[in-house]
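Participant: Sending over a structure as structure tokens; questions will come in a sec.
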Amino acid sequence: MSDIASRELLVEVGCEELPPLALDRLTAAFYDGVCSGLEEAGISFDREQSRSYSTPRRMSLLFSDVAERQPDRVLERKGPSVNAAFDDDGQPTRAALGFAASVGQPVAALERLETDKGAWLFCHVDETGKPLSDLLFPILAQALDRLPVPRPMRWSDHDFSFVRPVHWLVVVHGTEVIEGELYGCKAGRETHGHRIHAPGAHPLESAEGYAERLQELHVIVDPDARRARIREEVEQAGKATGGIARITPELLDEVNNIVEWPVAVACTFEARFLSVPQEALIASMESHQKFFPVLDEQGALTSSFVVVANIESRDEQAMGAGFERVIRPRLADAQFFWEQDLKQPLDRWSAQLDSVVFQKDLGTIGDKSRRIASISKQIAELAGAEAAVAEAAARQCKLDLVSLMVGEFPELQGVMGAYYLTHAKALDGVPEAVRGHYQPRFAGDALPATRAGQIVALADRIDTLVGIFAVGLKPTGNKDPFALRRSAIAVIRLLEEGPFDLTIAALVDLASETLAEQLEPDAGVRGDVRHFILERLKNHLVEGGTPLRQVNAVLAAPLGSLADLRARLDALAHFMGQDGAESLAAANKRIGNILKKQEMP
């Protein structure tokens with residue numbers, strides 16, 4: 001059992017408001033970096049009981065049972081060979097003398113190590129472990145220097161930079177401060193509480209009870225506890241208005257990194273704004289203001305919303321009125337965009353698409369829309385779907401890109417297009433297809449709800465894949481500016497889950513022939529696109545639980561439709577589950593190897 005004392009170690013780096021979208025990633029990297037540094041230095045600690053904390057103004061690390069120094073070690077030092085260590089008269093050479101000096105021993109005290117390669121000078125050296133105080137600050141500095149900081153800042157006249165200016169530094173081991181300096185701040189024991197409820201510096205007696213002490217200072221330093229409190233308070237505030245607060249994981253995480261002492265406040269806006277599509281109002285509240293919309297039981301937006309403040313106000317009503325004043329101009333902007341967009345004829349937007357460049361060699365968004373329309377029509381005819389709906393939806397699926405609303409809220413593309421087409425009394429089925437054609441946007445996202453939407457989505461993705469490969473911009477390494485990997489996965493899912501009896505090769509050929517009016521994709525490009533999609537298909541199947549061996553076996557045969565591929569995989573899985581399957585497969589492999597060696601007539 002080690003006789004080295006161990007205590008809790010607290011490190012707190014206090015900053016100006018840290019970027020909320022990066023805070024979790026920065027804190028995790030800081031924690032991992034210091035953990036690695038302590039382990040490499042041989043400083044023992046209980047990693048399972050250690051953890052990180054964070055608020056908008058601090059990144060904190062609390063390590064459990066951290067040893068006060070490295071353990072003493074006995075090092076085995078191997079020196080020169082005996083033949084090289086002594087001359088013909090048996091006197092030590094410079095090599096022997098140098099080795100003896102390096103281990104602090106006279107030559108006569110050195111041992112000899114016999115190996116199968118000869119004898120060597122050898123010495124056991126007792127090394128006293130270094131104290132934590134000598135090792136910690138280089139570890140902290142290295143971990144902080146390696147943080148994935150998107151835009152480092154300089155402040156004052158310092159020659160160093162960090163994600164935000166650093167204003168205080170706490171480094172306490174047990175009850176003792178470990179002296180050192182980072183970013184111009186000397187380490188101490190004084191933390192900072194809430195700016196309003198507990199301003200100024202407050203001493204920490206020890207590393208123990210850190211979270212509880214911050215709670216007294218109106219700071220919930222545990223991000224998990226703070227997130228749970230925000231969710232609970234927002235849900236209660238939404239329920240108090242008679243509705244259900246809409247809480248997305250992304251907004252919850254962002255708000256969690258904006259406040260230290262969350263207090264939910266229920267507010268309202270004028271009902272007249274509800275004439276605007278609710279997606280636009282929700283985007284305005286969530287994206288611009290970080291407010292939580294309130295929905296009714298049917299999922300329709302109400303005129304209530306919830307704000308998470310960073311302070312307990314003596315006059316909550318006045319605070320709520322302030323938030324209502326803040327949201328009103330944003331909602332008015334959304335209303336203005338909506339009303340102005342409705343005044344624009346769709347033909348004018350269609351003409352504007354011809355001035356918006358998609359890619360310099362592939363033409364404009366208007367060119368792309370016409371290609372998608374042609375591909376969609378042909379896919380619909382092959383699939384036995386209503387070609388007129390698919391073609392019309394494809395031709396108009398990008399119209400909203402030049403609208404004022406999508407210019408302000410890019411995430412609403414497709415959604416707003418459906419509203420504008422409905423208002424213009426477009427062909428039945430077209431608005432729904434336009435709304436869904438960007439799906440699936442990410443792994444696990446739903447497919448478009450209608451068949452026409454699935455056709456347009458498929459045509460859009462395959463046109464992008466073939467076109468970008470044709471101009472020589474296929475992905476390299478981590479660079480994929482046109483999100484071609486995501487497009488390939490979308491093509492796979494649409495072919496696999498949608499009602500299409502199309503092969504990947506046929507789809508690539510269809511897009512290539514359509515593109516030929518502008519740019520002729522040669523056979524090499526078509527092959528590259530097929531290979532690119534097949535590689536994604538293989539990964540998709542393996543990630544879905546199919547053994548790689550079975551995937552490779554099925555893909556070794558000519559590939560038909562993905563429905564046929566799935567049927568063959570199921571048949572193979574059934575076969576491999578039967579008695580004797582392994583021996584039959586081994587026998588078949590042996591027969592194949594024998595036949596390869598025979599000259600067939």
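Ligands are numbered from 1 in the order shown, chains are lettered A, B, ... in the order of the structure tokens, and residues start at 1 in each chain.
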Write down as a count of residues only the residues of stretch 51-185 of chain A whose backbone DSSP state falls under helix (DSSP H, G or I).
Facilitator: 31
Participant: Please list as a list of chain:residue names every residue within 10 Å of A:Glu386, counting only C-alpha atoms and excluding residues in the same chain fewer than 2 positions away.
Facilitator: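 Here the qualifying residues turn out to be A:Lys377, A:Ala380, A:Glu381, A:Ala383, A:Gly384, A:Ala388, A:Val389, A:Ala390, A:Glu391, A:Gly429, A:Arg451, A:Ala452.
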Participant: Since we have the selection now, will you write its residues out, keeping all heavy atoms, as a short mmCIF file (atom, residue, chain, number, x, y, z; two decimals), in the first residue's frame?
Facilitator:
```
data_model
loop_
_atom_site.label_atom_id
_atom_site.label_comp_id
_atom_site.auth_asym_id
_atom_site.auth_seq_id
_atom_site.Cartn_x
_atom_site.Cartn_y
_atom_site.Cartn_z
N LYS A 377 -38.87 13.06 -63.45
CA LYS A 377 -39.88 12.56 -64.38
C LYS A 377 -39.56 11.13 -64.81
O LYS A 377 -40.45 10.25 -64.83
CB LYS A 377 -39.97 13.48 -65.59
CG LYS A 377 -41.00 13.03 -66.62
CD LYS A 377 -41.00 13.96 -67.83
CE LYS A 377 -42.00 13.46 -68.88
NZ LYS A 377 -41.98 14.32 -70.09
N ALA A 380 -40.00 8.66 -61.91
CA ALA A 380 -41.43 8.44 -61.66
C ALA A 380 -42.02 7.49 -62.69
O ALA A 380 -42.82 6.60 -62.36
CB ALA A 380 -42.16 9.78 -61.67
N GLU A 381 -41.64 7.67 -63.95
CA GLU A 381 -42.15 6.79 -64.99
C GLU A 381 -41.68 5.35 -64.78
O GLU A 381 -42.45 4.40 -64.95
CB GLU A 381 -41.72 7.31 -66.36
CG GLU A 381 -42.42 8.61 -66.75
CD GLU A 381 -41.83 9.24 -68.00
OE1 GLU A 381 -40.73 8.80 -68.41
OE2 GLU A 381 -42.45 10.18 -68.55
N ALA A 383 -40.91 4.06 -61.92
CA ALA A 383 -41.48 3.55 -60.67
C ALA A 383 -43.00 3.46 -60.73
O ALA A 383 -43.63 3.02 -59.75
CB ALA A 383 -41.06 4.45 -59.51
N GLY A 384 -43.59 3.89 -61.83
CA GLY A 384 -45.05 3.84 -61.93
C GLY A 384 -45.73 4.87 -61.07
O GLY A 384 -46.88 4.69 -60.67
N ALA A 388 -46.20 13.80 -63.45
CA ALA A 388 -46.47 15.24 -63.51
C ALA A 388 -46.22 15.91 -62.16
O ALA A 388 -45.67 17.02 -62.10
CB ALA A 388 -47.91 15.47 -63.96
N VAL A 389 -46.63 15.24 -61.09
CA VAL A 389 -46.43 15.81 -59.75
C VAL A 389 -44.95 15.86 -59.40
O VAL A 389 -44.44 16.88 -58.92
CB VAL A 389 -47.20 14.98 -58.69
CG1 VAL A 389 -46.89 15.49 -57.29
CG2 VAL A 389 -48.69 15.04 -58.95
N ALA A 390 -44.25 14.77 -59.67
CA ALA A 390 -42.82 14.73 -59.36
C ALA A 390 -42.05 15.76 -60.16
O ALA A 390 -41.18 16.47 -59.63
CB ALA A 390 -42.27 13.33 -59.63
N GLU A 391 -42.36 15.89 -61.44
CA GLU A 391 -41.65 16.86 -62.29
C GLU A 391 -41.93 18.28 -61.83
O GLU A 391 -41.02 19.12 -61.74
CB GLU A 391 -42.05 16.67 -63.75
CG GLU A 391 -41.28 17.59 -64.69
CD GLU A 391 -41.71 17.43 -66.14
OE1 GLU A 391 -42.77 16.80 -66.38
OE2 GLU A 391 -41.00 17.95 -67.02
N GLY A 429 -50.18 17.72 -54.21
CA GLY A 429 -49.02 16.86 -53.98
C GLY A 429 -47.70 17.56 -54.13
O GLY A 429 -46.68 17.10 -53.59
N ARG A 451 -44.48 9.90 -51.95
CA ARG A 451 -43.66 9.24 -52.97
C ARG A 451 -43.02 10.27 -53.89
O ARG A 451 -41.86 10.13 -54.28
CB ARG A 451 -44.53 8.28 -53.78
CG ARG A 451 -43.71 7.30 -54.60
CD ARG A 451 -44.55 6.17 -55.10
NE ARG A 451 -43.73 5.14 -55.70
CZ ARG A 451 -44.23 4.12 -56.37
NH1 ARG A 451 -45.54 3.99 -56.49
NH2 ARG A 451 -43.43 3.20 -56.91
N ALA A 452 -43.77 11.32 -54.24
CA ALA A 452 -43.21 12.37 -55.08
C ALA A 452 -42.03 13.05 -54.38
O ALA A 452 -41.01 13.36 -55.01
CB ALA A 452 -44.28 13.40 -55.44
#
```
Participant: Rank nothing, just name the residue among A:Ser355, A:Ser487, A:Thr55, A:Gln578 nearest to A:Leu537, using only C-alpha atoms.
Facilitator: A:Ser487
Participant: Could you tell me how far atom CA of A:Arg435 sits from atom CA of A:Asp460, in Å to one decimal place?
Facilitator: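 So the answer is 13.5 Å.
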Participant: List as number ranges by chain the protein and nucleic acid residues near A:Ala5, meaning an atom at most 10 Å away when only C-alpha atoms are counted, but skip any in the same chain fewer than 6 places from it.
Facilitator: A: 65-69
Participant: I want to know what sits within 9 Å of A:His540, based on only C-alpha atoms, with residues of the same chain fewer than 5 positions away left out; could you give that as a PyMOL selection string?
Facilitator: chain A and resi 489+492+535+545
Participant: List every residue of stretch 4-94 of chain A that has an atom at most 6 Å from any atom of stretch 171-183 of chain A, giving for each one its closest atom pair and the distance in Å to one decimal, counting only C-alpha atoms, sorted by chain and then by ascending residue number, as JSON lines.
Facilitator:
```
{"residue": "A:Arg7", "atom": "CA", "partner": "A:Gly174", "partner_atom": "CA", "distance": 5.0}
{"residue": "A:Glu8", "atom": "CA", "partner": "A:Gly174", "partner_atom": "CA", "distance": 5.3}
{"residue": "A:Leu9", "atom": "CA", "partner": "A:His173", "partner_atom": "CA", "distance": 4.4}
{"residue": "A:Leu10", "atom": "CA", "partner": "A:Val172", "partner_atom": "CA", "distance": 5.2}
{"residue": "A:Val11", "atom": "CA", "partner": "A:Val171", "partner_atom": "CA", "distance": 4.6}
```
Participant: Report the residues of stretch 267-333 of chain A whose backbone DSSP state falls under strand (DSSP E), written as a ChimeraX atom specification.
Facilitator: /A:267-268,292-295,301-309
Participant: Need to verify the contact set: A:Gly37, 12 Å, only C-alpha atoms, exclusion of same-chain residues closer than 5 positions in sequence. Can you return it as number ranges by chain?
Facilitator: A: 30-32, 42-45, 132, 135-144, 146
Participant: Please provide the set of residues having any atom within 8 Å of stretch 295-306 of chain A, restricted to only C-alpha atoms, with same-chain residues fewer than 2 positions apart removed, written as a list in words.
Facilitator: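 What passes the distance filter is Val234, Ala237, Gly238, Thr241, Gly242, Gly243, Ile244, Ala245, Arg246, Ala264, Val265, Ala266, Cys267, Thr268, Phe269, Glu270, Ala271, Leu274, Gln278, Phe291, Phe292, Pro293 and Val308 of chain A.
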Participant: Using all heavy atoms, can you export the residues from the last selection as a compact mmCIF listing (two decimals), in the first residue's frame?
Facilitator:
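Saved to result-v6.txt:
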```txt
# COMPACT_ATOMS: atom_id res chain seq x y z
N VAL A 234 -38.62 25.04 -17.35
CA VAL A 234 -39.26 25.41 -18.62
C VAL A 234 -40.55 24.62 -18.80
O VAL A 234 -41.57 25.16 -19.24
CB VAL A 234 -38.29 25.19 -19.80
CG1 VAL A 234 -39.01 25.32 -21.14
CG2 VAL A 234 -37.13 26.18 -19.74
N ALA A 237 -43.14 26.13 -16.52
CA ALA A 237 -43.59 27.44 -17.00
C ALA A 237 -44.51 27.28 -18.21
O ALA A 237 -45.53 27.98 -18.33
CB ALA A 237 -42.39 28.31 -17.36
N GLY A 238 -44.17 26.35 -19.09
CA GLY A 238 -45.04 26.09 -20.24
C GLY A 238 -46.39 25.55 -19.82
O GLY A 238 -47.43 25.98 -20.35
N THR A 241 -48.88 28.12 -18.62
CA THR A 241 -49.58 28.91 -19.64
C THR A 241 -50.71 28.11 -20.29
O THR A 241 -51.44 28.65 -21.13
CB THR A 241 -48.60 29.34 -20.76
OG1 THR A 241 -48.20 28.19 -21.52
CG2 THR A 241 -47.38 30.03 -20.17
N GLY A 242 -50.83 26.83 -19.93
CA GLY A 242 -51.85 25.98 -20.54
C GLY A 242 -51.36 25.23 -21.76
O GLY A 242 -52.15 24.60 -22.47
N GLY A 243 -50.06 25.27 -22.02
CA GLY A 243 -49.51 24.58 -23.19
C GLY A 243 -48.36 23.67 -22.83
O GLY A 243 -48.18 23.30 -21.66
N ILE A 244 -47.56 23.32 -23.83
CA ILE A 244 -46.41 22.41 -23.66
C ILE A 244 -45.19 23.09 -24.27
O ILE A 244 -45.18 23.41 -25.47
CB ILE A 244 -46.66 21.06 -24.37
CG1 ILE A 244 -47.94 20.41 -23.83
CG2 ILE A 244 -45.47 20.14 -24.20
CD1 ILE A 244 -48.42 19.24 -24.66
N ALA A 245 -44.19 23.33 -23.46
CA ALA A 245 -42.98 23.98 -23.96
C ALA A 245 -42.25 23.05 -24.93
O ALA A 245 -42.10 21.86 -24.67
CB ALA A 245 -42.06 24.36 -22.81
N ARG A 246 -41.82 23.60 -26.05
CA ARG A 246 -41.03 22.84 -27.03
C ARG A 246 -39.56 22.95 -26.62
O ARG A 246 -38.98 24.04 -26.64
CB ARG A 246 -41.25 23.42 -28.43
CG ARG A 246 -40.31 22.88 -29.51
CD ARG A 246 -40.54 23.63 -30.81
NE ARG A 246 -39.37 23.65 -31.64
CZ ARG A 246 -39.17 22.86 -32.69
NH1 ARG A 246 -40.07 21.96 -33.02
NH2 ARG A 246 -38.07 22.97 -33.42
N ALA A 264 -36.80 30.24 -15.09
CA ALA A 264 -37.71 30.27 -16.24
C ALA A 264 -38.80 31.32 -16.03
O ALA A 264 -39.37 31.42 -14.94
CB ALA A 264 -38.33 28.90 -16.47
N VAL A 265 -39.07 32.07 -17.09
CA VAL A 265 -40.08 33.13 -17.03
C VAL A 265 -41.04 32.93 -18.21
O VAL A 265 -40.61 32.86 -19.36
CB VAL A 265 -39.44 34.53 -17.13
CG1 VAL A 265 -40.52 35.61 -17.03
CG2 VAL A 265 -38.40 34.71 -16.03
N ALA A 266 -42.32 32.82 -17.93
CA ALA A 266 -43.33 32.67 -18.97
C ALA A 266 -43.73 34.04 -19.51
O ALA A 266 -43.95 34.98 -18.75
CB ALA A 266 -44.57 31.95 -18.43
N CYS A 267 -43.80 34.14 -20.84
CA CYS A 267 -44.12 35.42 -21.49
C CYS A 267 -45.13 35.17 -22.61
O CYS A 267 -45.42 34.02 -22.96
CB CYS A 267 -42.85 36.04 -22.09
SG CYS A 267 -41.48 36.22 -20.92
N THR A 268 -45.62 36.25 -23.20
CA THR A 268 -46.57 36.14 -24.31
C THR A 268 -46.23 37.17 -25.38
O THR A 268 -45.54 38.16 -25.11
CB THR A 268 -48.03 36.37 -23.85
OG1 THR A 268 -48.13 37.68 -23.30
CG2 THR A 268 -48.45 35.34 -22.83
N PHE A 269 -46.72 36.91 -26.60
CA PHE A 269 -46.63 37.90 -27.67
C PHE A 269 -48.01 38.07 -28.29
O PHE A 269 -48.93 37.28 -28.01
CB PHE A 269 -45.59 37.49 -28.73
CG PHE A 269 -45.85 36.17 -29.39
CD1 PHE A 269 -46.74 36.05 -30.45
CD2 PHE A 269 -45.17 35.02 -28.97
CE1 PHE A 269 -46.97 34.83 -31.08
CE2 PHE A 269 -45.39 33.80 -29.59
CZ PHE A 269 -46.30 33.70 -30.63
N GLU A 270 -48.17 39.08 -29.11
CA GLU A 270 -49.48 39.39 -29.69
C GLU A 270 -49.95 38.25 -30.60
O GLU A 270 -49.18 37.74 -31.42
CB GLU A 270 -49.42 40.69 -30.49
CG GLU A 270 -49.24 41.91 -29.62
CD GLU A 270 -47.77 42.26 -29.45
OE1 GLU A 270 -46.93 41.34 -29.52
OE2 GLU A 270 -47.47 43.46 -29.22
N ALA A 271 -51.21 37.89 -30.48
CA ALA A 271 -51.77 36.78 -31.25
C ALA A 271 -51.76 37.05 -32.74
O ALA A 271 -51.81 36.11 -33.55
CB ALA A 271 -53.19 36.47 -30.78
N LEU A 274 -49.49 35.07 -35.09
CA LEU A 274 -49.76 33.66 -35.39
C LEU A 274 -50.25 33.46 -36.82
O LEU A 274 -50.39 32.31 -37.27
CB LEU A 274 -50.78 33.09 -34.40
CG LEU A 274 -50.29 32.98 -32.95
CD1 LEU A 274 -51.41 32.51 -32.04
CD2 LEU A 274 -49.09 32.04 -32.86
N GLN A 278 -45.87 28.88 -38.44
CA GLN A 278 -45.29 28.70 -37.11
C GLN A 278 -43.82 28.31 -37.15
O GLN A 278 -43.07 28.62 -36.22
CB GLN A 278 -46.10 27.68 -36.30
CG GLN A 278 -46.00 26.25 -36.76
CD GLN A 278 -46.74 25.34 -35.79
OE1 GLN A 278 -47.83 25.66 -35.31
NE2 GLN A 278 -46.15 24.20 -35.48
N PHE A 291 -35.22 31.44 -27.00
CA PHE A 291 -36.44 31.31 -26.21
C PHE A 291 -37.11 29.98 -26.56
O PHE A 291 -36.95 29.46 -27.67
CB PHE A 291 -37.42 32.45 -26.48
CG PHE A 291 -36.92 33.82 -26.08
CD1 PHE A 291 -37.59 34.96 -26.49
CD2 PHE A 291 -35.80 33.98 -25.27
CE1 PHE A 291 -37.15 36.23 -26.13
CE2 PHE A 291 -35.35 35.24 -24.91
CZ PHE A 291 -36.02 36.37 -25.34
N PHE A 292 -37.91 29.46 -25.62
CA PHE A 292 -38.61 28.20 -25.82
C PHE A 292 -40.06 28.47 -26.21
O PHE A 292 -40.82 29.01 -25.39
CB PHE A 292 -38.55 27.34 -24.55
CG PHE A 292 -37.17 26.89 -24.19
CD1 PHE A 292 -36.36 27.66 -23.37
CD2 PHE A 292 -36.67 25.68 -24.67
CE1 PHE A 292 -35.09 27.25 -23.02
CE2 PHE A 292 -35.40 25.26 -24.33
CZ PHE A 292 -34.61 26.04 -23.51
N PRO A 293 -40.49 28.10 -27.43
CA PRO A 293 -41.90 28.29 -27.81
C PRO A 293 -42.80 27.36 -27.01
O PRO A 293 -42.36 26.34 -26.47
CB PRO A 293 -41.91 27.90 -29.30
CG PRO A 293 -40.47 27.87 -29.72
CD PRO A 293 -39.68 27.53 -28.51
N VAL A 308 -35.38 31.61 -20.30
CA VAL A 308 -34.56 31.22 -19.15
C VAL A 308 -33.64 32.39 -18.82
O VAL A 308 -32.69 32.68 -19.58
CB VAL A 308 -33.76 29.94 -19.43
CG1 VAL A 308 -32.86 29.61 -18.23
CG2 VAL A 308 -34.71 28.77 -19.70
```
Participant: For A:Val294, which residue among A:Thr248, A:Ser374, A:Ser156, A:Ser275 is the nearest when counting only C-alpha atoms?
Facilitator: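 Ranking A:Thr248, A:Ser374, A:Ser156, A:Ser275 by distance to A:Val294, first place goes to A:Thr248.
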Participant: Rounded to one decimal in Å, what is the spacing between atom CA of A:Leu204 and atom CA of A:Glu17?
Facilitator: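 A separation of 21.8 Å between them.
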